[in-house]
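Worksheet: one structure, shown below.
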Amino acid sequence: MIYLCIAGMTLMGAVASVFLKKASGSSSLIKLLCNYNLYIGGFLYVASAAINIIVLRYLDYSVVLPLTSFTYIWTMVLANIMLKEKISAKKIVGVMFIIAGAVCVAV
């Protein structure tokens with residue numbers, strides 16, 4: 001159950017980044033402050049941080065922090081789907097290293 005929370009937390013962080021990326025296209029500070037993407041991204045980041053705090057009650061910090069690297073994997077997938085960014089072979093190799101490293105630390 002706690003690892004499911006970590007998966008949700010990392011996914012929320014990645015989705016938050018996508019919304020903040022969309023908000024970054026605002027041409028001025030006023031337009032940025034009126035951009036709903038800013039608030040959705042901010043809310044998701046805060047929710048992700050709250051889940052992180054809860055997870056830290058049950059797992060060691062030295063386990064939780066490396067597992068948050070899964071955010072990078074979600075980010076790559078979401079950037080491809082939502083922002084139409086390309087996934088290169090180099091990125092796929094990097095993701096495999098992230099997964100291997102997280103497994104080594106968490107197990």
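Labeling convention for the structure tokens: chains A, B, ... as they appear, residues from 1 per chain, ligands from 1 in order of appearance.
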Non-local contacts of Thr68 (chain A) (10 Å; only C-alpha atoms; under 5 positions in same chain excluded) as an mmCIF file with N, CA and C atoms, in the first residue's frame:
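File produced: part_2.cif:
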data_model
loop_
_atom_site.group_PDB
_atom_site.id
_atom_site.type_symbol
_atom_site.label_atom_id
_atom_site.label_comp_id
_atom_site.auth_asym_id
_atom_site.auth_seq_id
_atom_site.Cartn_x
_atom_site.Cartn_y
_atom_site.Cartn_z
ATOM 1 N N ILE A 6 3.624 5.916 -3.039
ATOM 2 C CA ILE A 6 4.816 6.490 -3.669
ATOM 3 C C ILE A 6 4.587 6.645 -5.171
ATOM 4 N N ALA A 7 3.976 5.631 -5.788
ATOM 5 C CA ALA A 7 3.683 5.720 -7.224
ATOM 6 C C ALA A 7 2.739 6.896 -7.499
ATOM 7 N N MET A 9 2.306 9.559 -5.614
ATOM 8 C CA MET A 9 3.017 10.789 -5.292
ATOM 9 C C MET A 9 3.916 11.212 -6.459
ATOM 10 N N THR A 10 4.641 10.257 -7.019
ATOM 11 C CA THR A 10 5.547 10.595 -8.117
ATOM 12 C C THR A 10 4.774 10.969 -9.379
ATOM 13 N N LEU A 11 3.654 10.297 -9.606
ATOM 14 C CA LEU A 11 2.821 10.642 -10.763
ATOM 15 C C LEU A 11 2.245 12.052 -10.605
ATOM 16 N N GLY A 13 3.546 14.509 -8.944
ATOM 17 C CA GLY A 13 4.636 15.458 -9.159
ATOM 18 C C GLY A 13 4.920 15.680 -10.635
ATOM 19 N N ASN A 52 4.233 12.647 0.420
ATOM 20 C CA ASN A 52 5.626 12.350 0.750
ATOM 21 C C ASN A 52 5.838 12.360 2.265
ATOM 22 N N VAL A 63 15.222 5.254 1.574
ATOM 23 C CA VAL A 63 14.455 4.452 0.619
ATOM 24 C C VAL A 63 13.509 5.350 -0.180
ATOM 25 N N ILE A 73 10.590 9.330 -14.737
ATOM 26 C CA ILE A 73 10.021 8.403 -15.720
ATOM 27 C C ILE A 73 8.632 8.884 -16.136
ATOM 28 N N ALA A 102 16.817 2.584 -8.352
ATOM 29 C CA ALA A 102 15.742 2.624 -7.346
ATOM 30 C C ALA A 102 15.495 1.247 -6.758
#
- Just the helix (DSSP H, G or I) stuff from chain A, please, per backbone DSSP, written as number ranges by chain. A: 2-23, 29-33, 36-58, 61-67, 70-82, 89-106
- Message: Residues within 10 Å of region 29-43 of chain A, please, as a list in words. Count only C-alpha atoms; anything in the same chain fewer than 4 positions from it doesn't count.
- Response: Met12, Gly13, Ala14, Val15, Ala16, Ser17, Val18, Phe19, Leu20, Lys21, Lys22, Ala23, Ser24, Gly25, Ala47, Ser48 and Ala49 of chain A
With region 96-101 of chain A as the partner and 8 Å as the cut-off, tabulate the residues of region 69-92 of chain A that qualify, each row holding the nearest pair of atoms and their distance in Å to one decimal, using only C-alpha atoms, sorted by chain and rising number, as a tab-separated table.
residue	atom	partner	partner_atom	distance
A:Ser69	CA	A:Ile98	CA	6.8
A:Phe70	CA	A:Ile98	CA	7.3
A:Ile92	CA	A:Met96	CA	6.3
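Here CA of Val64 (chain A) is placed at a distance of 23.9 Å from CA of Ala79 (chain A).
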